[in-house]
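Participant: One structure, pasted below without further comment.
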Amino acid sequence: MRPWLFLLPTLVFLAAFTYVPALRIAIEGLPALPKLLVPENASSLRVTLLYVLLNVPLSILLGLLAALALEGNGRLRQWVRVLVFHPVILPTVAFAAVFLYLLNPLGPLQGLLRGLGLQNPLGDPLGAFLAVVLVGVLKDAGLYMLYYLAGLQNIPKELLEAAQVDGAGRALAFFKVTWPLLTPTTFFVGVMAALGALRNVDHIFILTKGGPTGATDHVLYRVYTLGFEYFDFPAASALSLALLAFLGLLALVALPRLERGVHYDA
Amino acid sequence: MARDWRKQTVGLLVALGLAFGQKTTITFYYPVGVAGPLARFIEAYVADFEKANPDVEVKTVFGGNYEENQAKVVAAIKAGTPPDTAILLSQQLFTLLSMDAIEPFDPYIARDPELKQAVSDFFPAFMMNSTLDGKVYSLPFQRSTPILYYNKEAFREAGLDPNRPPATWDELVEYAKRLTKRDAQGRVVRYGVAIPTENRSTWLLEGLVIQAGGLLYDPQGRGCKVLVNTEPVRQAMQFKRDLAAVHKVSPEGVIAWGTTPGDFAAGKVAMIYHSTGSLGFIRDNARFEFGTAFQPKKVRYGVPTGGANFYLFKGSDPKKREATLRFIKFMTSPELQARWSIDSGYVAARRASWSLPIMKEYVKKWPQALTAREQLAYAKAELPAYNLQQVKDIIAEAEQAVVLGQKDVREVAREAQARVDQALAPFCSR
């Protein structure tokens, strides 16, 4: 009896704000599943997949590189760490609004952008997509850096010294010692990054509203559009259900496989 | 001193308690659609209303932009707690009717001479989206038309007459070519003209379509006939494309709505198409002399009206309804409309506003404010349709595809027409 009593407050809130609405979404969404078979949804799915495929590796790589470069205690390093980390603290909306200004065709970066052949990045499908990816990556990389810094601290120095004694160069030591021992961190960061890429779309509201011509129409943004702009709640519920099913599948099938490559014995 | 203060507080609390006993509380949702501190103005008007009507308390809900505010009101309706009144786009009439959420004003107009007077005093162009089958479903509040803003200093620099803005599309292109300024390397420092292609909105496109002699909908279509596959629509879309691709006087790609007034005020674009609602922002931020003008014609002048109106929602009791109507009358009175127009740049919707001393003085100082009012003579109702947002999205996406040069305009218009018809079918096949 006691454990249930302790659980009660949490359960009441979860039931009121998660379980019951989820049930309603299932009831409303299931019959509307066939409605999902329209070209707009297919294109939105393609956009989302590309977004995840670019966003996840890039943000992990950036986080890892920053951690490797900024490990240790120098004062300069601490400051640069703050610089890399600060987008995590900023509200996504504010962070994205800064880019709205920077990427304006007549804004401060116009020379650079013109050099890249992107005179009006947010007004161009490819440019807008890359901008959305860039903002997402920069926003999250700082957090992943933090996890990697923690991961690096857990690697026993003796192992690296032993590798050095055995004549391994820095690159070899990284690939044979550091990287394998970071796999738990990478696994965790990877899961976080994938979930983040599927869940965080605030910057799309600010930068592109899914446009131009649907180039940044992330599935979650589309759920919002269907539900709260077209007021087609069945279709929005159905799309949420589909997304949930996809995430569930990912968790059940893909994660255990990936986890096999993880070393937990550092 | 301290005791005095305490006594006053007690007195105030007693007074408040008494007041609460008889107070009628009404809820009011409102949006802000253009740049500037407009929410603060609206809250100040509400405070003034409450001061003049101590028996009414207005609970204001700032709903965000037009679309977000609409979403909040619809959510409230679906939850069974509709607001007493809300300011929503005038073109949402059919969507709101399909939800069976709103009531016409007619019974109250018949009973209330003041309201009747108000209805006949609004500019007819601003009532076009309000009426259906002879019934009045909404009253104008924040109304606008899109106009042409131009930089007079840039005109002088380019050898153009600053008091003769372009009157036709051809002139617009010709002027824009002269106004586009490049540096030694051939990079553009100032564009000639910018016509935003906003995501999710068809407003500026509608203006171009009217100027080309068409209309985006059939006025007899009762929200069910949206016309995309027509020659004027194709001309309008192609014109926007050509400004950048052929004439090179406009930035390539889709031009954002939100940042355009800022670009104009910073002198980076010499002419822009934008809402009169942005006049306040441009007035306060441009450091050069600027003019406003009718949007140039192709075969005729014309723009859609825009902006939002007061609606009455079903499910209000008579006491609340009476208080709500008193509030709406206050907010649409000539005095308040004049004040609102001066604060924001929206067009005062009452004709009587314009003969008030404060308005006359304002217009003398800022004759730019007159353009939108005069342009009303050429204005048409803004696209009224069921399933409004989806219809607008389809058309806006088609327009973007043309502006980006992704597809041929004929193909785009044909496809968009088919998709629009499909989006309307569930509401219109009955």
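Quick note on naming: the chains in the structure tokens go A, B, ... in the order shown, residues restart at 1 in each chain, and ligands are numbered from 1 in order of appearance.
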List as an MDAnalysis selection string the protein and nucleic acid residues near range 234-250 of chain A, meaning an atom at most 9 Å away when only C-alpha atoms are counted, but skip any in the same chain fewer than 6 places from it.
Facilitator: chainID A and resid 22 24:36 41 195 198 219:220 222:228
Participant: Kindly assemble as JSON lines a list of the chain A residues that lie within 6 Å of chain B, each paired with its nearest atom pair and their distance in Å to one decimal, using only C-alpha atoms, sorted first by chain and then by ascending residue number.
Facilitator:
```
{"residue": "A:Gly123", "atom": "CA", "partner": "B:Val254", "partner_atom": "CA", "distance": 4.0}
{"residue": "A:Asp124", "atom": "CA", "partner": "B:Gly253", "partner_atom": "CA", "distance": 5.5}
{"residue": "A:Thr213", "atom": "CA", "partner": "B:Glu397", "partner_atom": "CA", "distance": 5.0}
{"residue": "A:Phe228", "atom": "CA", "partner": "B:Ala71", "partner_atom": "CA", "distance": 5.4}
{"residue": "A:Tyr230", "atom": "CA", "partner": "B:Gln390", "partner_atom": "CA", "distance": 5.9}
```
Participant: Skip Leu54 in chain A itself and residues of its chain fewer than 5 positions away, then list as a list in words all residues within 9 Å of it, counting only C-alpha atoms.
Facilitator: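 The filter keeps Leu49, Ser59, Val133 and Val137 of chain A.
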Participant: Which residues of range 227-338 of chain B sit at most 8 Å from range 80-94 of chain B, using only C-alpha atoms? Give each one's shortest atom pair and distance in Å (one decimal place), in chain and ascending residue order, as JSON lines.
Facilitator:
```
{"residue": "B:Gly306", "atom": "CA", "partner": "B:Ser90", "partner_atom": "CA", "distance": 7.4}
{"residue": "B:Gly307", "atom": "CA", "partner": "B:Leu89", "partner_atom": "CA", "distance": 5.7}
{"residue": "B:Ala308", "atom": "CA", "partner": "B:Leu89", "partner_atom": "CA", "distance": 4.0}
{"residue": "B:Asn309", "atom": "CA", "partner": "B:Ile87", "partner_atom": "CA", "distance": 5.1}
{"residue": "B:Phe310", "atom": "CA", "partner": "B:Ile87", "partner_atom": "CA", "distance": 4.6}
{"residue": "B:Tyr311", "atom": "CA", "partner": "B:Thr85", "partner_atom": "CA", "distance": 5.6}
{"residue": "B:Leu312", "atom": "CA", "partner": "B:Thr85", "partner_atom": "CA", "distance": 5.1}
{"residue": "B:Phe313", "atom": "CA", "partner": "B:Asp84", "partner_atom": "CA", "distance": 5.7}
{"residue": "B:Lys314", "atom": "CA", "partner": "B:Pro82", "partner_atom": "CA", "distance": 7.5}
{"residue": "B:Gly315", "atom": "CA", "partner": "B:Pro82", "partner_atom": "CA", "distance": 7.4}
{"residue": "B:Ser316", "atom": "CA", "partner": "B:Asp84", "partner_atom": "CA", "distance": 6.2}
{"residue": "B:Lys320", "atom": "CA", "partner": "B:Asp84", "partner_atom": "CA", "distance": 7.5}
{"residue": "B:Arg321", "atom": "CA", "partner": "B:Asp84", "partner_atom": "CA", "distance": 7.3}
{"residue": "B:Thr324", "atom": "CA", "partner": "B:Asp84", "partner_atom": "CA", "distance": 6.7}
```
Participant: Given the selection you just returned, output its residues as a file containing C-alpha atoms, formatted as a tab-separated table (two decimals), in the first residue's frame.
Facilitator:
```tsv
chain	number	residue	atom	x	y	z
B	306	GLY	CA	-6.99	42.92	-44.26
B	307	GLY	CA	-6.98	42.62	-40.55
B	308	ALA	CA	-9.35	41.51	-37.87
B	309	ASN	CA	-12.82	42.08	-36.44
B	310	PHE	CA	-14.86	41.58	-33.29
B	311	TYR	CA	-17.02	38.44	-33.25
B	312	LEU	CA	-19.81	37.44	-30.85
B	313	PHE	CA	-19.69	33.86	-29.58
B	314	LYS	CA	-22.61	31.62	-28.77
B	315	GLY	CA	-23.21	30.63	-25.17
B	316	SER	CA	-23.06	34.03	-23.46
B	320	LYS	CA	-22.57	39.28	-20.29
B	321	ARG	CA	-23.81	39.89	-23.79
B	324	THR	CA	-19.75	42.65	-24.30
```
Participant: Considering only C-alpha atoms, return as a list of chain:residue names whatever protein or nucleic-acid residues lie within 8 Å of Val193 in chain B, sequence-local ones (same chain, fewer than 2 positions apart) excluded.
Facilitator: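 Selected residues are B:Ala176, B:Tyr191, B:Ile195, B:Val249, B:Ser250, B:Val269, B:Ala270, B:Met271, B:Ile272.
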Participant: Would you mind exporting the chosen residues as a JSON list (two decimals), in the first residue's frame, restricted to C-alpha atoms?
Facilitator:
```
[["chain", "number", "residue", "atom", "x", "y", "z"],
["B", 176, "ALA", "CA", 13.20, 49.74, -59.32],
["B", 191, "TYR", "CA", 17.44, 46.70, -53.90],
["B", 195, "ILE", "CA", 7.34, 42.21, -52.27],
["B", 249, "VAL", "CA", 15.77, 44.47, -58.78],
["B", 250, "SER", "CA", 14.62, 42.29, -55.87],
["B", 269, "VAL", "CA", 15.32, 48.39, -50.10],
["B", 270, "ALA", "CA", 13.93, 51.49, -51.79],
["B", 271, "MET", "CA", 10.30, 50.36, -52.19],
["B", 272, "ILE", "CA", 8.29, 47.73, -50.32]]
```
Participant: Enumerate the residues of range 137-254 of chain B with a DSSP assignment of strand (DSSP E or B), computed from the backbone, and present them as a ChimeraX atom specification.
Facilitator: /B:138-144,146-151,168,181-182,188-194,217,226
Participant: Out of B:Leu383, B:Met359, B:Leu424, B:Cys224, which residue has the shortest atom-to-atom distance to Leu204 in chain B when counting only C-alpha atoms?
Facilitator: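 For Leu204 in chain B, the nearest of the candidates is B:Leu383.
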Participant: Residues of range 59-266 of chain A classed as alpha helix (DSSP H) by DSSP on the backbone are to be reported as a ChimeraX atom specification.
Facilitator: /A:59-70,75-89,92-102,110-115,125-153,157-165,170-173,179-199,202-207,219-224,233-249,255-259
Participant: Residues within 10 Å of Ala323 in chain B, please, as a VMD selection string. Count only C-alpha atoms; anything in the same chain fewer than 5 positions from it doesn't count.
Facilitator: chain B and resid 23 to 26 53 55 to 58 84 318 328 to 329
Participant: Any idea what the distance is between CA of Phe17 in chain A and CA of Glu229 in chain A?
Facilitator: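 Interatomic distance here is 22.1 Å.
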Participant: Hey, what's within 12 Å of Gly127 in chain A if we count only C-alpha atoms and toss same-chain stuff fewer than 3 positions away? As a ChimeraX atom specification, please?
Facilitator: /A:103-105,113-114,116-124,130-134,207-208,211-212,215-216 /B:253-254
Participant: Could you write those residues out with N, CA and C atoms, as a PDB file, in the first residue's frame?
Facilitator:
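The resulting part.pdb:
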```pdb
ATOM      1  N   LEU A 103      20.779  35.697 -41.016  1.00  0.00           N
ATOM      2  CA  LEU A 103      20.599  35.093 -42.333  1.00  0.00           C
ATOM      3  C   LEU A 103      19.729  35.934 -43.267  1.00  0.00           C
ATOM      4  N   ASN A 104      19.329  37.089 -42.807  1.00  0.00           N
ATOM      5  CA  ASN A 104      18.594  38.020 -43.652  1.00  0.00           C
ATOM      6  C   ASN A 104      19.436  38.334 -44.905  1.00  0.00           C
ATOM      7  N   PRO A 105      18.797  38.364 -46.094  1.00  0.00           N
ATOM      8  CA  PRO A 105      19.595  38.563 -47.315  1.00  0.00           C
ATOM      9  C   PRO A 105      20.424  39.859 -47.291  1.00  0.00           C
ATOM     10  N   LEU A 113      27.505  34.864 -47.204  1.00  0.00           N
ATOM     11  CA  LEU A 113      26.423  34.057 -47.773  1.00  0.00           C
ATOM     12  C   LEU A 113      26.467  34.084 -49.289  1.00  0.00           C
ATOM     13  N   ARG A 114      26.745  35.261 -49.848  1.00  0.00           N
ATOM     14  CA  ARG A 114      26.820  35.374 -51.295  1.00  0.00           C
ATOM     15  C   ARG A 114      27.944  34.505 -51.831  1.00  0.00           C
ATOM     16  N   LEU A 116      28.876  31.762 -50.640  1.00  0.00           N
ATOM     17  CA  LEU A 116      28.414  30.377 -50.624  1.00  0.00           C
ATOM     18  C   LEU A 116      27.314  30.131 -51.650  1.00  0.00           C
ATOM     19  N   GLY A 117      26.937  31.192 -52.378  1.00  0.00           N
ATOM     20  CA  GLY A 117      25.864  31.058 -53.356  1.00  0.00           C
ATOM     21  C   GLY A 117      24.491  31.032 -52.703  1.00  0.00           C
ATOM     22  N   LEU A 118      24.414  31.464 -51.448  1.00  0.00           N
ATOM     23  CA  LEU A 118      23.125  31.507 -50.756  1.00  0.00           C
ATOM     24  C   LEU A 118      22.826  32.952 -50.376  1.00  0.00           C
ATOM     25  N   GLN A 119      22.291  33.677 -51.333  1.00  0.00           N
ATOM     26  CA  GLN A 119      22.082  35.085 -51.068  1.00  0.00           C
ATOM     27  C   GLN A 119      20.960  35.296 -50.058  1.00  0.00           C
ATOM     28  N   ASN A 120      19.940  34.454 -50.142  1.00  0.00           N
ATOM     29  CA  ASN A 120      18.775  34.611 -49.285  1.00  0.00           C
ATOM     30  C   ASN A 120      18.446  33.232 -48.711  1.00  0.00           C
ATOM     31  N   PRO A 121      19.284  32.761 -47.743  1.00  0.00           N
ATOM     32  CA  PRO A 121      19.201  31.360 -47.332  1.00  0.00           C
ATOM     33  C   PRO A 121      17.807  30.933 -46.873  1.00  0.00           C
ATOM     34  N   LEU A 122      17.140  31.762 -46.080  1.00  0.00           N
ATOM     35  CA  LEU A 122      15.842  31.339 -45.565  1.00  0.00           C
ATOM     36  C   LEU A 122      14.762  31.400 -46.636  1.00  0.00           C
ATOM     37  N   GLY A 123      15.071  32.049 -47.758  1.00  0.00           N
ATOM     38  CA  GLY A 123      14.109  32.131 -48.846  1.00  0.00           C
ATOM     39  C   GLY A 123      14.344  31.083 -49.905  1.00  0.00           C
ATOM     40  N   ASP A 124      15.216  30.119 -49.607  1.00  0.00           N
ATOM     41  CA  ASP A 124      15.595  29.110 -50.586  1.00  0.00           C
ATOM     42  C   ASP A 124      15.423  27.743 -49.922  1.00  0.00           C
ATOM     43  N   LEU A 130      19.234  23.790 -44.518  1.00  0.00           N
ATOM     44  CA  LEU A 130      20.554  23.792 -43.884  1.00  0.00           C
ATOM     45  C   LEU A 130      20.571  24.720 -42.675  1.00  0.00           C
ATOM     46  N   ALA A 131      19.870  25.845 -42.778  1.00  0.00           N
ATOM     47  CA  ALA A 131      19.836  26.786 -41.655  1.00  0.00           C
ATOM     48  C   ALA A 131      19.171  26.146 -40.450  1.00  0.00           C
ATOM     49  N   VAL A 132      18.091  25.418 -40.695  1.00  0.00           N
ATOM     50  CA  VAL A 132      17.382  24.764 -39.602  1.00  0.00           C
ATOM     51  C   VAL A 132      18.274  23.688 -38.963  1.00  0.00           C
ATOM     52  N   VAL A 133      18.996  22.936 -39.813  1.00  0.00           N
ATOM     53  CA  VAL A 133      19.920  21.936 -39.282  1.00  0.00           C
ATOM     54  C   VAL A 133      21.017  22.618 -38.454  1.00  0.00           C
ATOM     55  N   LEU A 134      21.589  23.664 -39.014  1.00  0.00           N
ATOM     56  CA  LEU A 134      22.682  24.378 -38.348  1.00  0.00           C
ATOM     57  C   LEU A 134      22.260  24.870 -36.965  1.00  0.00           C
ATOM     58  N   LEU A 207      12.148  30.346 -37.681  1.00  0.00           N
ATOM     59  CA  LEU A 207      12.952  30.582 -38.879  1.00  0.00           C
ATOM     60  C   LEU A 207      12.171  30.437 -40.177  1.00  0.00           C
ATOM     61  N   THR A 208      11.365  29.378 -40.303  1.00  0.00           N
ATOM     62  CA  THR A 208      10.838  29.069 -41.633  1.00  0.00           C
ATOM     63  C   THR A 208       9.366  28.707 -41.669  1.00  0.00           C
ATOM     64  N   GLY A 211       8.397  26.256 -44.358  1.00  0.00           N
ATOM     65  CA  GLY A 211       8.615  26.571 -45.763  1.00  0.00           C
ATOM     66  C   GLY A 211      10.077  26.722 -46.067  1.00  0.00           C
ATOM     67  N   PRO A 212      10.482  27.277 -47.182  1.00  0.00           N
ATOM     68  CA  PRO A 212       9.610  27.504 -48.335  1.00  0.00           C
ATOM     69  C   PRO A 212       9.304  26.212 -49.084  1.00  0.00           C
ATOM     70  N   ALA A 215      10.047  22.760 -47.470  1.00  0.00           N
ATOM     71  CA  ALA A 215      11.403  22.225 -47.354  1.00  0.00           C
ATOM     72  C   ALA A 215      11.828  21.977 -45.905  1.00  0.00           C
ATOM     73  N   THR A 216      11.176  22.598 -44.943  1.00  0.00           N
ATOM     74  CA  THR A 216      11.541  22.383 -43.545  1.00  0.00           C
ATOM     75  C   THR A 216      10.333  21.922 -42.732  1.00  0.00           C
TER      76      THR A 216
ATOM     77  N   GLY B 253      14.694  34.488 -54.350  1.00  0.00           N
ATOM     78  CA  GLY B 253      14.069  33.612 -53.357  1.00  0.00           C
ATOM     79  C   GLY B 253      12.883  34.266 -52.679  1.00  0.00           C
ATOM     80  N   VAL B 254      12.411  33.555 -51.667  1.00  0.00           N
ATOM     81  CA  VAL B 254      11.227  33.997 -50.954  1.00  0.00           C
ATOM     82  C   VAL B 254      11.611  35.111 -49.986  1.00  0.00           C
TER      83      VAL B 254
END
```
Participant: Using only C-alpha atoms, can you tell me which of B:Phe126, B:Tyr29, B:Trp354, B:Phe264 comes closest to Glu43 in chain B?
Facilitator: B:Tyr29
Participant: CA of Asp408 in chain B and CA of Arg241 in chain B, how far apart in Å?
Facilitator: 10.8 Å
